[in-house]
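Here is the structure we will look at, set down as structure tokens.
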Amino acid sequence: MAVLAPERTDDELAPAARPRRRPRRPARQLTPPLPTDRVLSWVLTAVLGTATFLSRLWDLSYPGDLLFDEAYYPPEANEILEWGYEYNRGYTFIVHPPLGKLLIAGGIKLFGYDSFGWRFPSLVAGTVAVVVLVRLTRRLTGSTLLGLVAGLLMALDGFAFTISRIGLLDVFLQALVVSAVACLVVDRDRVRARVRAAGALTGGFALGPRGWRIAAGVLFGCAAGVKWSGVWFLAFFAVLSLFWDRAAWREAGVPSPTHTVLRRGLPGALWALAVLPVLTYLATFTGWFLGENSQGRHWADQNPDTAFPWVPGALRSLWHMHGEWLAFHNGLSTPHPWESGPWSWLVDGRPILLWNPQGLTDAGGGQVIRYILMVGTPTLWLVFAPAMVWLLWRIVARRDPAAITVAVAIAAGWLTWFVNLDRTMFIFYMAPVLPFFVLAVTLALQDVLGRPTADGPVTPFRRQLGLGAVSLYLAVVALTFVFFYPVLTGQPLSYDEWVQRMWFPSWF
């Protein structure tokens, strides 16, 4: 699952000198070179990843009951282990592809059908997301420090913490999406390096197979195989990848970069980011195809008079089932006490209560509250909206490629939920886009640290001032996370201690 961005080659660090047909773009638009601390950066990333894993591993099995939508996914994962597919019971309706449940099944296979077994894969996926975010941020910003800042913010987020400790699907979507984007960013840099190394160009040339783009296509297909919302990321980043190719040809002085992309890049992009994701997605249904009693498997046999009779019955049955799923998701409007709209997610407007057993008392008979709330660390989430505004400023004023990448991800993972506001939605739908909101905050902190300008490098005093401000903010986030830790893990609290952590009425 984890796809970690490798270091840039020497060719990626500096373009070859050559005559050009048009002036090179301003330097501020070029991706920054990676720092030279390759070994140290990996050591620090490993340390942060290990700390993230261990902090979330403690007491992972509490509580032993099924929490929220664990009522669906672990039982279906266990059925996959027993039957090879989700069993088509008459009183249930399976509405998500099988890959996420296959991953949960892996944990059950290793550790047994209990809360630890069905939550352990989520723990691994959440840790992978933190590690990949460190490497992706480092590549986008050219700073190991900022990569570690992004990873630390993610590790200290209460929402990311809780969603990696529960057997839901969205944490797998998170890890797959951020890994796929990391692959495409590596592909962008590799292509740019090859084009630069070619010298003066009057036309494009064949780039051949692009392994990192192919890997991204497979990962995006896997993301869709967990939940359909992964398709938005695939679509948005497939388009962005073509624009990256065009920028590389334009920088090389190719007279018609758009035509060159259509000729040299589009065929490969259609294979890697269209055909391959579809094939990967279909592969996740292998158990469904082989099953006798899988949901809707024999619909075509029961309905032979359908359109396109030359299409194999299994594929027609799968298509029909997907139509039922689409109708279900578009029409899902059943009221739920913990539902929330996407406009409220940025401010922790309505987190989800996962666990709240009643009637607990201490030795003296006083009330004891054990509350598990899927809530983001407020001092992090409340700066998401200002960070987006700053992101837009970086795009308009600097045409910053890192900001553009983050903005595209936010559009794919957050804005698309505004398409159907009548649908019942929950805050955990934010999981796949959360790393990119954290990245937006990190880019804002990059400007707090100070960036070199045309007038010269950052002065030592300005750098120290920026480091102090960033360190102070990280400390505030860390202390907030520690303060909310008891309601992230269900620790025993008195009524007064619990009320201190309920900052808004919508959290009750």
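Residues in the structure tokens are named by chain (A, B, ... in the order shown) and by number from 1 within that chain; ligands are numbered from 1 in the order shown.
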Taking only residues of stretch 64-153 of chain A that have an atom at most 7 Å from an atom of stretch 222-243 of chain A, what is each one's shortest atom pair and its distance in Å to one decimal, using only C-alpha atoms, in chain and number order, as JSON lines?
```
{"residue": "A:His96", "atom": "CA", "partner": "A:Lys227", "partner_atom": "CA", "distance": 6.0}
{"residue": "A:Pro97", "atom": "CA", "partner": "A:Gly225", "partner_atom": "CA", "distance": 5.2}
{"residue": "A:Pro98", "atom": "CA", "partner": "A:Val226", "partner_atom": "CA", "distance": 6.5}
{"residue": "A:Leu99", "atom": "CA", "partner": "A:Val226", "partner_atom": "CA", "distance": 5.1}
{"residue": "A:Gly100", "atom": "CA", "partner": "A:Val226", "partner_atom": "CA", "distance": 4.7}
```
A:Tyr73 environment, 10 Å, only C-alpha atoms, sequence neighbours closer than 3 positions dropped, as a count of residues only: 20
Closest of A:Leu380, A:Val149, A:Leu184, A:Ile163 to A:Leu449 - atom-to-atom distances counting only C-alpha atoms: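 Of all the options, A:Val149 lies closest to A:Leu449.
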Taking only stretch 332-459 of chain A into account, list the residues labelled strand (DSSP E) by DSSP (computed from the backbone), as a PDB file with all heavy atoms, in the first residue's frame.
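Final output, saved to result.pdb:
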```
ATOM      1  N   ILE A 352     -18.355  12.570  15.458  1.00  0.00           N
ATOM      2  CA  ILE A 352     -19.185  11.376  15.616  1.00  0.00           C
ATOM      3  C   ILE A 352     -18.889  10.721  16.962  1.00  0.00           C
ATOM      4  O   ILE A 352     -17.735  10.442  17.295  1.00  0.00           O
ATOM      5  CB  ILE A 352     -18.929  10.379  14.472  1.00  0.00           C
ATOM      6  CG1 ILE A 352     -19.413  10.977  13.143  1.00  0.00           C
ATOM      7  CG2 ILE A 352     -19.628   9.055  14.734  1.00  0.00           C
ATOM      8  CD1 ILE A 352     -19.101  10.104  11.954  1.00  0.00           C
ATOM      9  N   LEU A 353     -19.926  10.476  17.702  1.00  0.00           N
ATOM     10  CA  LEU A 353     -19.803   9.734  18.949  1.00  0.00           C
ATOM     11  C   LEU A 353     -19.741   8.239  18.620  1.00  0.00           C
ATOM     12  O   LEU A 353     -20.669   7.674  18.050  1.00  0.00           O
ATOM     13  CB  LEU A 353     -20.997  10.015  19.864  1.00  0.00           C
ATOM     14  CG  LEU A 353     -21.035   9.219  21.174  1.00  0.00           C
ATOM     15  CD1 LEU A 353     -19.814   9.526  22.031  1.00  0.00           C
ATOM     16  CD2 LEU A 353     -22.321   9.506  21.941  1.00  0.00           C
ATOM     17  N   LEU A 354     -18.625   7.617  18.995  1.00  0.00           N
ATOM     18  CA  LEU A 354     -18.421   6.204  18.707  1.00  0.00           C
ATOM     19  C   LEU A 354     -18.780   5.300  19.875  1.00  0.00           C
ATOM     20  O   LEU A 354     -19.167   4.146  19.684  1.00  0.00           O
ATOM     21  CB  LEU A 354     -16.952   5.955  18.310  1.00  0.00           C
ATOM     22  CG  LEU A 354     -16.444   6.700  17.075  1.00  0.00           C
ATOM     23  CD1 LEU A 354     -14.961   6.431  16.878  1.00  0.00           C
ATOM     24  CD2 LEU A 354     -17.228   6.290  15.830  1.00  0.00           C
ATOM     25  N   TRP A 355     -18.647   5.815  21.107  1.00  0.00           N
ATOM     26  CA  TRP A 355     -18.816   4.937  22.268  1.00  0.00           C
ATOM     27  C   TRP A 355     -19.159   5.776  23.492  1.00  0.00           C
ATOM     28  O   TRP A 355     -18.494   6.765  23.780  1.00  0.00           O
ATOM     29  CB  TRP A 355     -17.529   4.168  22.506  1.00  0.00           C
ATOM     30  CG  TRP A 355     -17.523   3.211  23.663  1.00  0.00           C
ATOM     31  CD1 TRP A 355     -16.784   3.296  24.810  1.00  0.00           C
ATOM     32  CD2 TRP A 355     -18.247   1.981  23.771  1.00  0.00           C
ATOM     33  NE1 TRP A 355     -16.999   2.219  25.621  1.00  0.00           N
ATOM     34  CE2 TRP A 355     -17.915   1.384  25.014  1.00  0.00           C
ATOM     35  CE3 TRP A 355     -19.173   1.344  22.947  1.00  0.00           C
ATOM     36  CZ2 TRP A 355     -18.461   0.180  25.445  1.00  0.00           C
ATOM     37  CZ3 TRP A 355     -19.707   0.128  23.375  1.00  0.00           C
ATOM     38  CH2 TRP A 355     -19.344  -0.433  24.601  1.00  0.00           C
ATOM     39  N   ILE A 372     -15.897   8.127  23.497  1.00  0.00           N
ATOM     40  CA  ILE A 372     -14.982   8.098  22.349  1.00  0.00           C
ATOM     41  C   ILE A 372     -15.618   8.932  21.248  1.00  0.00           C
ATOM     42  O   ILE A 372     -16.657   8.564  20.689  1.00  0.00           O
ATOM     43  CB  ILE A 372     -14.704   6.675  21.857  1.00  0.00           C
ATOM     44  CG1 ILE A 372     -14.066   5.839  22.969  1.00  0.00           C
ATOM     45  CG2 ILE A 372     -13.775   6.711  20.633  1.00  0.00           C
ATOM     46  CD1 ILE A 372     -13.739   4.407  22.545  1.00  0.00           C
ATOM     47  N   LEU A 373     -14.986  10.043  20.937  1.00  0.00           N
ATOM     48  CA  LEU A 373     -15.499  10.994  19.959  1.00  0.00           C
ATOM     49  C   LEU A 373     -14.528  11.103  18.795  1.00  0.00           C
ATOM     50  O   LEU A 373     -13.338  11.357  18.990  1.00  0.00           O
ATOM     51  CB  LEU A 373     -15.669  12.367  20.617  1.00  0.00           C
ATOM     52  CG  LEU A 373     -16.440  13.435  19.838  1.00  0.00           C
ATOM     53  CD1 LEU A 373     -17.909  13.047  19.710  1.00  0.00           C
ATOM     54  CD2 LEU A 373     -16.305  14.787  20.530  1.00  0.00           C
ATOM     55  N   MET A 374     -15.012  10.890  17.589  1.00  0.00           N
ATOM     56  CA  MET A 374     -14.176  11.071  16.399  1.00  0.00           C
ATOM     57  C   MET A 374     -14.150  12.555  16.062  1.00  0.00           C
ATOM     58  O   MET A 374     -14.936  13.057  15.261  1.00  0.00           O
ATOM     59  CB  MET A 374     -14.713  10.257  15.221  1.00  0.00           C
ATOM     60  CG  MET A 374     -13.837  10.326  13.976  1.00  0.00           C
ATOM     61  SD  MET A 374     -14.525   9.421  12.565  1.00  0.00           S
ATOM     62  CE  MET A 374     -14.276   7.730  13.080  1.00  0.00           C
TER      63      MET A 374
END
```
Considering only helix (DSSP H, G or I) as DSSP defines it on the backbone, what residues of stretch 415-470 of chain A qualify? List them as a PyMOL selection string. chain A and resi 415-418+427-430+434-449+460-470
Between A:Ala431, A:Leu421, A:Val438, A:Ile410, single out the one closest to A:Ala175, counting only C-alpha atoms.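 Of all the options, A:Ala431 lies closest to A:Ala175.
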Can you pull out every residue within 10 Å of A:Thr480, counting only C-alpha atoms, but drop anything in the same chain fewer than 5 positions away, and send it as a list in words?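 The neighbour list is Leu156, Asp157, Gly158, Thr377, Pro378, Thr379, Leu380, Leu474, Ala475 and Tyr485 of chain A.
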Quick one: write out the picked residues with N, CA and C atoms as a JSON list (two decimals), in the first residue's frame?
```
[["chain", "number", "residue", "atom", "x", "y", "z"],
["A", 156, "LEU", "N", -0.75, 14.10, 15.27],
["A", 156, "LEU", "CA", -1.35, 14.72, 16.44],
["A", 156, "LEU", "C", -2.81, 15.11, 16.22],
["A", 157, "ASP", "N", -3.38, 14.69, 15.13],
["A", 157, "ASP", "CA", -4.78, 15.02, 14.87],
["A", 157, "ASP", "C", -5.69, 13.97, 15.48],
["A", 158, "GLY", "N", -6.66, 14.40, 16.24],
["A", 158, "GLY", "CA", -7.58, 13.47, 16.89],
["A", 158, "GLY", "C", -8.42, 12.68, 15.91],
["A", 377, "THR", "N", -8.39, 17.50, 16.10],
["A", 377, "THR", "CA", -7.77, 18.41, 17.05],
["A", 377, "THR", "C", -8.17, 19.84, 16.69],
["A", 378, "PRO", "N", -8.91, 20.53, 17.57],
["A", 378, "PRO", "CA", -9.49, 21.83, 17.16],
["A", 378, "PRO", "C", -8.46, 22.87, 16.74],
["A", 379, "THR", "N", -7.32, 22.93, 17.41],
["A", 379, "THR", "CA", -6.33, 23.95, 17.05],
["A", 379, "THR", "C", -5.69, 23.68, 15.70],
["A", 380, "LEU", "N", -5.89, 22.50, 15.16],
["A", 380, "LEU", "CA", -5.46, 22.21, 13.78],
["A", 380, "LEU", "C", -6.61, 22.46, 12.81],
["A", 474, "LEU", "N", 3.10, 24.20, 16.88],
["A", 474, "LEU", "CA", 3.16, 22.75, 17.04],
["A", 474, "LEU", "C", 2.94, 22.35, 18.49],
["A", 475, "ALA", "N", 3.50, 23.13, 19.41],
["A", 475, "ALA", "CA", 3.31, 22.84, 20.83],
["A", 475, "ALA", "C", 1.85, 22.97, 21.23],
["A", 485, "TYR", "N", -7.09, 13.63, 24.45],
["A", 485, "TYR", "CA", -6.79, 12.20, 24.36],
["A", 485, "TYR", "C", -7.79, 11.33, 25.12]]
```
What does the distance from atom CA of A:Trp288 to atom CA of A:Gly64 come to in Å, to one decimal?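 Computing the Euclidean distance for atom CA of A:Trp288 and atom CA of A:Gly64 yields 29.5 Å.
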Spatial neighbours of A:Leu40, max dist 10 Å, only C-alpha atoms, sep filter under 5 positions, as a list of chain:residue names: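 Residues meeting the cut-off are A:Thr45, A:Ala46, A:Thr144.
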In Å, how far is it from atom CA of A:Val408 to atom CA of A:Phe436? 9.4 Å
Test item: residues at most 12 Å from stretch 441-443 of chain A, only C-alpha atoms, excluding those fewer than 6 positions along its chain, as a PyMOL selection string: chain A and resi 133-134+136-138+140-154+379-395+400-407+434-435+449-451+470+473-474
Between A:Arg139, A:Ala216, A:Gly366, A:Ala198, which is the closest to A:Glu251 once you count only C-alpha atoms?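 Nearest candidate to A:Glu251 out of A:Arg139, A:Ala216, A:Gly366, A:Ala198: A:Ala198.
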